[in-house]
$ cat upload_29.txt   # compact mmCIF, C-alpha atoms
# COMPACT_ATOMS: atom_id res chain seq x y z
CA MET I 150 288.84 106.59 109.63
CA MET I 151 291.66 107.82 111.87
CA TYR I 152 289.20 109.98 113.81
CA ALA I 153 286.93 106.99 114.45
CA LEU I 154 289.86 104.84 115.53
CA LEU I 155 291.15 107.54 117.88
CA SER I 156 287.68 107.99 119.35
CA ALA I 157 287.39 104.26 119.98
CA ILE I 158 290.78 104.17 121.70
CA ILE I 159 289.90 107.16 123.91
CA PHE I 160 286.55 105.56 124.82
CA CYS I 161 288.24 102.26 125.76
CA LEU I 162 290.82 104.05 127.91
CA LEU I 163 288.12 106.07 129.67
CA TYR I 164 286.02 102.95 130.26
CA TYR I 165 289.04 101.11 131.63
CA GLY I 166 289.89 104.03 133.91
CA VAL I 167 286.34 104.33 135.27
CA ILE I 168 286.09 100.60 135.94
CA LEU I 169 289.42 100.55 137.77
CA TRP I 170 288.31 103.53 139.90
CA LEU I 171 285.02 101.78 140.75
CA TYR I 172 286.89 98.58 141.55
CA TYR I 173 289.20 100.39 143.99
CA GLN I 174 286.16 102.00 145.63
CA TYR I 175 284.59 98.56 145.97
CA GLU I 176 287.77 97.29 147.67
CA LYS I 177 287.76 100.18 150.15
CA HIS I 178 284.09 99.65 150.94
CA LYS I 179 284.61 95.93 151.43
CA GLN I 180 287.43 96.51 153.91
CA LYS I 181 285.12 98.66 156.05
CA SER I 182 281.99 96.51 155.98
CA ARG I 183 280.71 93.05 155.19
CA VAL I 184 279.51 92.93 151.58
CA PHE I 185 276.76 90.40 150.93
CA PRO I 186 276.86 88.79 147.49
CA PHE I 187 273.08 88.51 147.33
CA THR I 188 271.08 90.78 145.05
CA SER I 189 267.47 91.89 145.51
CA LYS I 190 266.10 88.84 143.70
CA PHE I 191 267.42 86.55 146.40
CA VAL I 192 266.42 88.34 149.61
CA GLN I 193 263.09 86.56 150.07
CA HIS I 194 264.73 83.14 150.23
CA GLU I 195 264.79 81.47 153.66
CA PHE I 196 268.52 80.84 153.32
CA PHE I 197 269.27 84.54 152.91
CA ARG I 198 267.18 85.47 155.95
CA LYS I 199 269.13 82.98 158.04
CA LEU I 200 272.39 84.51 156.88
CA LEU I 201 271.26 87.98 157.94
CA CYS I 202 270.30 86.65 161.37
CA SER I 203 273.59 84.80 161.95
CA GLU I 204 275.66 86.48 164.65
CA ASN I 205 278.65 88.32 163.12
CA GLY I 206 278.38 86.10 160.05
CA ASN I 207 280.11 83.27 161.92
CA ASP I 208 277.22 80.84 162.21
CA ARG I 209 278.98 77.64 161.24
CA SER I 210 275.64 75.95 160.58
CA LEU I 211 275.69 77.79 157.23
CA ARG I 212 277.00 75.23 154.76
CA ALA I 213 277.67 75.51 151.04
CA LEU I 214 278.52 72.64 148.69
CA PHE I 215 280.36 73.15 145.41
CA ILE I 216 280.03 70.35 142.86
CA THR I 217 282.79 70.11 140.26
CA ALA I 218 283.69 67.63 137.54
CA HIS I 219 287.50 67.69 137.70
CA PRO I 220 290.37 68.80 139.91
CA ASP I 221 291.15 72.47 139.05
CA ASP I 222 287.48 73.37 138.38
CA GLU I 223 287.26 74.71 141.93
CA CYS I 224 289.82 77.48 141.27
CA MET I 225 289.38 77.98 137.52
CA PHE I 226 285.66 78.68 137.81
CA PHE I 227 284.41 78.84 141.41
CA ALA I 228 287.20 80.58 143.36
CA PRO I 229 285.34 83.92 143.79
CA ALA I 230 282.32 82.25 145.39
CA ILE I 231 284.39 79.82 147.50
CA ILE I 232 286.64 82.54 148.91
CA GLN I 233 283.89 85.03 149.68
CA LEU I 234 281.38 82.56 151.10
CA ARG I 235 284.10 81.22 153.37
CA LYS I 236 284.92 84.74 154.57
CA LEU I 237 281.23 85.38 155.22
CA GLY I 238 281.31 82.52 157.71
CA PHE I 239 280.23 79.55 155.62
CA LYS I 240 281.58 76.08 156.05
CA VAL I 241 282.46 75.18 152.45
CA TYR I 242 282.35 71.63 151.08
CA LEU I 243 283.63 70.40 147.73
CA LEU I 244 282.40 67.31 145.89
CA CYS I 245 284.60 66.52 142.87
CA LEU I 246 283.01 63.85 140.67
CA SER I 247 286.23 62.55 139.06
CA THR I 248 289.98 62.31 139.64
CA GLY I 249 290.76 63.98 136.30
CA ASN I 250 292.40 60.82 135.02
CA TYR I 251 292.03 61.68 131.31
CA ASN I 252 295.81 61.62 130.77
CA SER I 253 296.47 58.94 133.43
CA GLU I 254 297.33 61.62 136.01
CA GLY I 255 294.55 60.86 138.47
CA GLU I 256 296.70 60.37 141.56
CA THR I 257 298.75 63.48 140.82
CA ARG I 258 295.65 65.58 140.27
CA LYS I 259 294.04 64.38 143.50
CA LYS I 260 297.07 65.60 145.45
CA GLU I 261 296.99 68.90 143.58
CA LEU I 262 293.32 69.32 144.44
CA GLN I 263 294.03 68.75 148.12
CA LYS I 264 296.69 71.49 148.03
CA SER I 265 294.37 73.86 146.18
CA CYS I 266 291.58 73.32 148.70
CA SER I 267 294.01 74.04 151.52
CA VAL I 268 294.78 77.42 149.90
CA LEU I 269 291.08 78.17 149.37
CA GLY I 270 290.27 77.34 152.98
CA ILE I 271 288.37 74.09 152.41
CA PRO I 272 289.27 71.60 155.20
CA SER I 273 290.40 68.11 154.14
CA ASP I 274 287.35 66.56 155.82
CA CYS I 275 285.10 68.75 153.64
CA LEU I 276 286.66 67.50 150.38
CA THR I 277 285.30 64.41 148.65
CA ILE I 278 286.80 63.06 145.42
CA ILE I 279 284.81 60.40 143.56
CA ASP I 280 286.61 57.71 141.57
CA HIS I 281 283.83 55.80 139.80
CA SER I 282 284.06 53.82 136.57
CA GLY I 283 280.97 55.62 135.25
CA LEU I 284 282.37 59.07 136.02
CA GLN I 285 285.71 59.24 134.24
CA ASP I 286 287.19 62.49 132.93
CA ASP I 287 286.29 62.55 129.24
CA PRO I 288 285.03 65.55 127.21
CA VAL I 289 282.73 63.32 125.16
CA ALA I 290 281.56 60.91 127.88
CA GLU I 291 277.89 60.89 128.86
CA TRP I 292 277.67 60.81 132.64
CA GLU I 293 274.41 59.33 133.96
CA THR I 294 272.09 61.80 135.64
CA GLU I 295 270.80 59.25 138.16
CA LEU I 296 274.32 58.29 139.26
CA ILE I 297 275.43 61.90 139.77
CA SER I 298 272.15 62.78 141.48
CA SER I 299 272.61 59.99 144.01
CA PHE I 300 276.08 61.26 144.96
CA ILE I 301 274.83 64.85 145.26
CA LEU I 302 271.76 64.00 147.32
CA THR I 303 273.69 61.78 149.70
CA HIS I 304 276.28 64.50 150.23
CA VAL I 305 273.66 67.20 150.77
CA LYS I 306 271.73 65.15 153.34
CA ASN I 307 274.76 63.81 155.21
CA ASN I 308 276.27 67.28 155.64
CA SER I 309 273.07 69.33 156.11
CA ILE I 310 273.90 71.49 153.09
CA GLN I 311 271.80 74.61 152.50
CA LEU I 312 273.36 76.01 149.34
CA VAL I 313 274.50 73.86 146.38
CA LEU I 314 276.47 75.42 143.54
CA THR I 315 277.61 74.00 140.21
CA PHE I 316 277.75 74.78 136.47
CA ASP I 317 274.78 75.93 134.38
CA ALA I 318 273.53 74.40 131.10
CA GLY I 319 276.49 75.88 129.20
CA GLY I 320 279.06 74.41 131.55
CA VAL I 321 281.22 77.58 131.12
CA SER I 322 283.45 75.77 128.59
CA ARG I 323 280.74 73.54 127.03
CA HIS I 324 282.47 70.51 128.57
CA ALA I 325 280.10 67.53 128.60
CA ASN I 326 281.06 66.58 132.16
CA HIS I 327 280.26 70.08 133.40
CA ILE I 328 276.88 70.06 131.70
CA ALA I 329 276.09 66.66 133.22
CA LEU I 330 276.39 68.20 136.70
CA PHE I 331 273.87 70.89 135.79
CA LYS I 332 271.41 68.31 134.48
CA SER I 333 271.66 66.31 137.68
CA LEU I 334 271.26 69.26 140.05
CA SER I 335 268.46 70.67 137.93
CA PHE I 336 266.71 67.29 138.08
CA LEU I 337 266.98 67.17 141.89
CA SER I 338 265.69 70.73 142.21
CA ALA I 339 262.81 70.32 139.74
CA SER I 340 261.71 67.02 141.30
CA ARG I 341 261.89 68.58 144.78
CA GLN I 342 264.25 65.95 146.08
CA LEU I 343 266.55 68.50 147.72
CA PRO I 344 265.82 68.98 151.45
CA GLU I 345 263.57 71.85 152.47
CA GLY I 346 265.52 75.09 152.79
CA CYS I 347 268.28 73.93 150.45
CA CYS I 348 268.88 76.24 147.49
CA ALA I 349 270.50 75.23 144.20
CA ALA I 350 272.42 77.87 142.23
CA VAL I 351 274.26 77.59 138.92
CA LEU I 352 277.29 79.49 137.63
CA GLU I 353 276.39 81.55 134.57
CA THR I 354 278.11 80.85 131.26
CA VAL I 355 279.05 84.04 129.39
CA ASN I 356 280.11 84.55 125.79
CA ILE I 357 283.76 84.30 124.76
CA PHE I 358 284.21 88.08 124.65
CA ARG I 359 282.98 88.63 128.22
CA LYS I 360 284.81 85.54 129.44
CA TYR I 361 288.18 87.20 128.88
CA LEU I 362 287.38 90.76 129.98
CA SER I 363 288.60 90.12 133.53
CA VAL I 364 287.48 92.90 135.90
CA LEU I 365 286.10 94.95 132.98
CA ASP I 366 283.13 92.59 132.94
CA ALA I 367 282.06 93.68 136.43
CA PRO I 368 279.55 96.39 135.31
CA VAL I 369 277.92 94.02 132.81
CA SER I 370 277.68 91.28 135.44
CA TRP I 371 276.01 93.68 137.88
CA LEU I 372 273.58 95.17 135.36
CA ARG I 373 272.36 91.72 134.30
CA THR I 374 271.06 91.30 137.88
CA PRO I 375 272.17 87.80 138.84
CA ASP I 376 270.83 86.17 141.99
CA LEU I 377 274.32 86.01 143.46
CA LEU I 378 277.31 88.14 142.52
CA PHE I 379 280.86 87.66 143.81
CA ILE I 380 283.75 90.00 142.92
CA LEU I 381 287.18 89.38 144.41
CA THR I 382 289.49 92.07 145.72
CA ARG I 383 293.10 92.10 144.51
CA LYS I 384 294.24 90.28 147.66
CA GLU I 385 291.58 87.60 147.19
CA TYR I 386 292.50 87.33 143.51
CA GLU I 387 296.08 86.52 144.53
CA GLU I 388 294.68 83.76 146.72
CA ALA I 389 292.80 82.31 143.73
CA LYS I 390 295.96 82.43 141.61
CA ILE I 391 297.98 80.59 144.26
CA ALA I 392 295.28 77.89 144.35
CA MET I 393 295.43 77.59 140.57
CA ARG I 394 299.21 77.20 140.63
CA CYS I 395 298.77 74.18 142.90
CA HIS I 396 297.60 72.32 139.77
CA ARG I 397 301.09 72.11 138.29
CA SER I 398 300.26 69.29 135.90
CA GLN I 399 297.67 71.53 134.22
CA MET I 400 299.67 74.75 134.01
CA LEU I 401 300.36 74.92 130.30
CA TRP I 402 300.92 78.28 128.56
CA PHE I 403 297.23 78.87 127.80
CA ARG I 404 296.32 78.33 131.46
CA TYR I 405 298.58 81.24 132.41
CA MET I 406 296.68 83.36 129.89
CA TYR I 407 293.41 82.15 131.41
CA VAL I 408 294.52 83.18 134.91
CA LEU I 409 295.42 86.66 133.65
CA PHE I 410 292.32 87.42 131.59
CA SER I 411 289.41 85.18 132.61
CA ARG I 412 286.61 86.93 134.47
CA TYR I 413 285.91 83.64 136.29
CA MET I 414 289.09 84.13 138.30
CA LEU I 415 287.61 87.40 139.64
CA ILE I 416 283.85 87.34 139.10
CA ASN I 417 281.11 84.76 139.64
CA THR I 418 277.43 85.27 138.84
CA TYR I 419 274.79 82.69 139.74
CA LYS I 420 271.15 82.00 139.03
CA CYS I 421 269.03 80.26 141.64
CA LEU I 422 267.40 77.15 140.16
CA SER I 423 264.57 77.04 142.67
CA GLU I 424 263.61 80.66 142.02
CA GLU I 425 263.61 80.14 138.24
CA GLN I 426 261.38 77.09 138.61
CA LYS I 427 258.93 79.06 140.77
CA ILE I 428 258.70 81.74 138.07
CA ARG I 429 258.04 79.12 135.38
CA LYS I 430 255.22 77.61 137.44
CA GLN I 431 253.60 81.01 137.98
CA GLU I 432 253.70 81.68 134.25

$ encode --input "upload_29.txt" --output "C-alpha cells"
Amino acid sequence: MMYALLSAIIFCLLYYGVILWLYYQYEKHKQKSRVFPFTSKFVQHEFFRKLLCSENGNDRSLRALFITAHPDDECMFFAPAIIQLRKLGFKVYLLCLSTGNYNSEGETRKKELQKSCSVLGIPSDCLTIIDHSGLQDDPVAEWETELISSFILTHVKNNSIQLVLTFDAGGVSRHANHIALFKSLSFLSASRQLPEGCCAAVLETVNIFRKYLSVLDAPVSWLRTPDLLFILTRKEYEEAKIAMRCHRSQMLWFRYMYVLFSRYMLINTYKCLSEEQKIRKQE
C-alpha cells in the first residue's frame, strides 16, 4: 500500500515538473515568435487564411465578438482568448446580455465590467451591455432564443464581425443563461443567418477534475485537438487576474480559489460550430 502511494506521489511530481518545463519552453517560444492559436482543423477556413495574409498581424479589419451572459464572464472564462486575440491584432468586441442584477447590483457590476474591459484591452466603444426585461440575471430563467439571436445578429452585422465566441452546450458551469447563449448562436449558425465568412466558435466545457487543474490541463487540452487553443503566459495570466479583481462585488473567498486553480483563467479551447455542422451534413 505504501509502495503504491509513494509511486503515485512520485508520478504526480514528475508530471508536474514536466508540464512546468514545457510551459516555460512555450513562454520562451512565444516571446520569440507569433504563436497562432489555430490548430490543423481550422486552417482551411477563410477567416484563418485572412489572418495569415494580414500584414504583421495588425490588420484591424479582423474583428472578434465575445458574447457573455453576465459581467465577470469575460475574465472568468474568456480571458485567454480575449488577451491573445487582441495581441494578434484583432479588434475585440464584447456583448454582455445582462447587467448581472441578480442581487440588485446591476449598476455596480456595469462599472466593474467597464474597468475589467479596460484591463483586457477592450475599448469602451466596443463594449455593449444589454439591460432588457427578458434577459435578467437568473440561474433558472429561460432566455428566449429569438431575442438573444436578434441582439447577436444585429451586433455582428453592424460591426462586420468575423469571429463570434461564446459558451458551448454545457455553459462551463451549467448556468442556464450561459446555455441560452449557445442555443442562440447555434441557431444562427445552423440556419445560416450569420454573414458569409463569419465563424462561430464555442468554449468547451470540461469535467470538474480538469476544470481545476490549472496549467496541468494543458497537455490534455492539446491532445484533444480543439479548433482553437489559447494558453496564457505568466505575464498574461497576471493581466487576467487584475481584470478579475475589478469585479470587487463578486470576489468572495471561493472566487479567489477559482482564480488560483481554474484552467479557464489560463487555457481556452474552442470548437467551431460551422465546421461541426459541415461534418454532420457530410455524414

$ atom_distance --input "upload_29.txt" --atom1 "atom CA of I:Leu269" --atom2 "atom CA of I:Lys236"
10.4 Å

$ residues_around --input "upload_29.txt" --residues "I:Ser267" --least-positions-apart "2" --cutoff "12 Å" --atoms "only C-alpha atoms" --output "ChimeraX atom specification"
/I:223-224,231-232,241-243,260-265,269-276,388-389,391-393,395

$ atom_distance --input "upload_29.txt" --atom1 "atom CA of I:His327" --atom2 "atom CA of I:Phe227"
12.6 Å

$ closest_residue --input "upload_29.txt" --among "I:Thr277, I:Ser333, I:Asn326, I:Ser309" --to "I:Ile297" --atoms "all atoms listed in the file"
I:Ser333

$ residues_around --input "upload_29.txt" --residues "I:Cys347" --least-positions-apart "2" --cutoff "7 Å" --atoms "only C-alpha atoms" --output "short mmCIF file (atom, residue, chain, number, x, y, z; two decimals) with C-alpha atoms, keeping the file's coordinate frame"
data_model
loop_
_atom_site.label_atom_id
_atom_site.label_comp_id
_atom_site.auth_asym_id
_atom_site.auth_seq_id
_atom_site.Cartn_x
_atom_site.Cartn_y
_atom_site.Cartn_z
CA ILE I 310 273.90 71.49 153.09
CA GLN I 311 271.80 74.61 152.50
CA LEU I 312 273.36 76.01 149.34
CA LEU I 343 266.55 68.50 147.72
CA PRO I 344 265.82 68.98 151.45
CA GLU I 345 263.57 71.85 152.47
CA ALA I 349 270.50 75.23 144.20
#

$ closest_residue --input "upload_29.txt" --among "I:Val408, I:Val321, I:Val313, I:Ser363" --to "I:Ala230" --atoms "all atoms listed in the file"
I:Val313

$ atom_distance --input "upload_29.txt" --atom1 "atom CA of I:Asp317" --atom2 "atom CA of I:Phe336"
12.4 Å

$ closest_residue --input "upload_29.txt" --among "I:Ala350, I:Ile416, I:Leu284, I:Leu409" --to "I:Leu296" --atoms "only C-alpha atoms"
I:Leu284

$ closest_residue --input "upload_29.txt" --among "I:Glu353, I:Asp366, I:Glu385, I:Asp221" --to "I:Cys421" --atoms "only C-alpha atoms"
I:Glu353

$ axis_aligned_box --input "upload_29.txt" --around "stretch 289-303 of chain I" --padding-each-side "8 Å" --output "AutoDock Vina command-line options"
--center_x 276.8 --center_y 61.6 --center_z 137.4 --size_x 27.9 --size_y 22.6 --size_z 40.5

$ residues_around --input "upload_29.txt" --residues "I:Arg359" --least-positions-apart "6" --cutoff "9 Å" --atoms "all atoms listed in the file" --output "CSV table (one decimal) with C-alpha atoms, keeping the file's coordinate frame"
chain,number,residue,atom,x,y,z
I,365,LEU,CA,286.1,95.0,133.0
I,366,ASP,CA,283.1,92.6,132.9
I,369,VAL,CA,277.9,94.0,132.8
I,411,SER,CA,289.4,85.2,132.6
I,412,ARG,CA,286.6,86.9,134.5

$ closest_residue --input "upload_29.txt" --among "I:Gly283, I:Pro368, I:Pro220, I:Gly346" --to "I:Cys245" --atoms "only C-alpha atoms"
I:Pro220

$ closest_residue --input "upload_29.txt" --among "I:Phe410, I:Arg258, I:Ser210, I:Met225" --to "I:Phe358" --atoms "only C-alpha atoms"
I:Phe410

$ residues_around --input "upload_29.txt" --residues "I:Thr354" --least-positions-apart "6" --cutoff "12 Å" --atoms "only C-alpha atoms" --output "PyMOL selection string"
chain I and resi 226+315-324+327-328+331+360+370+375+412-413+416-420

$ write_last_selection --input "upload_29.txt" --atoms "C-alpha atoms" --output "compact mmCIF listing (two decimals), in the coordinates of the input"
# COMPACT_ATOMS: atom_id res chain seq x y z
CA PHE I 226 285.66 78.68 137.81
CA THR I 315 277.61 74.00 140.21
CA PHE I 316 277.75 74.78 136.47
CA ASP I 317 274.78 75.93 134.38
CA ALA I 318 273.53 74.40 131.10
CA GLY I 319 276.49 75.88 129.20
CA GLY I 320 279.06 74.41 131.55
CA VAL I 321 281.22 77.58 131.12
CA SER I 322 283.45 75.77 128.59
CA ARG I 323 280.74 73.54 127.03
CA HIS I 324 282.47 70.51 128.57
CA HIS I 327 280.26 70.08 133.40
CA ILE I 328 276.88 70.06 131.70
CA PHE I 331 273.87 70.89 135.79
CA LYS I 360 284.81 85.54 129.44
CA SER I 370 277.68 91.28 135.44
CA PRO I 375 272.17 87.80 138.84
CA ARG I 412 286.61 86.93 134.47
CA TYR I 413 285.91 83.64 136.29
CA ILE I 416 283.85 87.34 139.10
CA ASN I 417 281.11 84.76 139.64
CA THR I 418 277.43 85.27 138.84
CA TYR I 419 274.79 82.69 139.74
CA LYS I 420 271.15 82.00 139.03
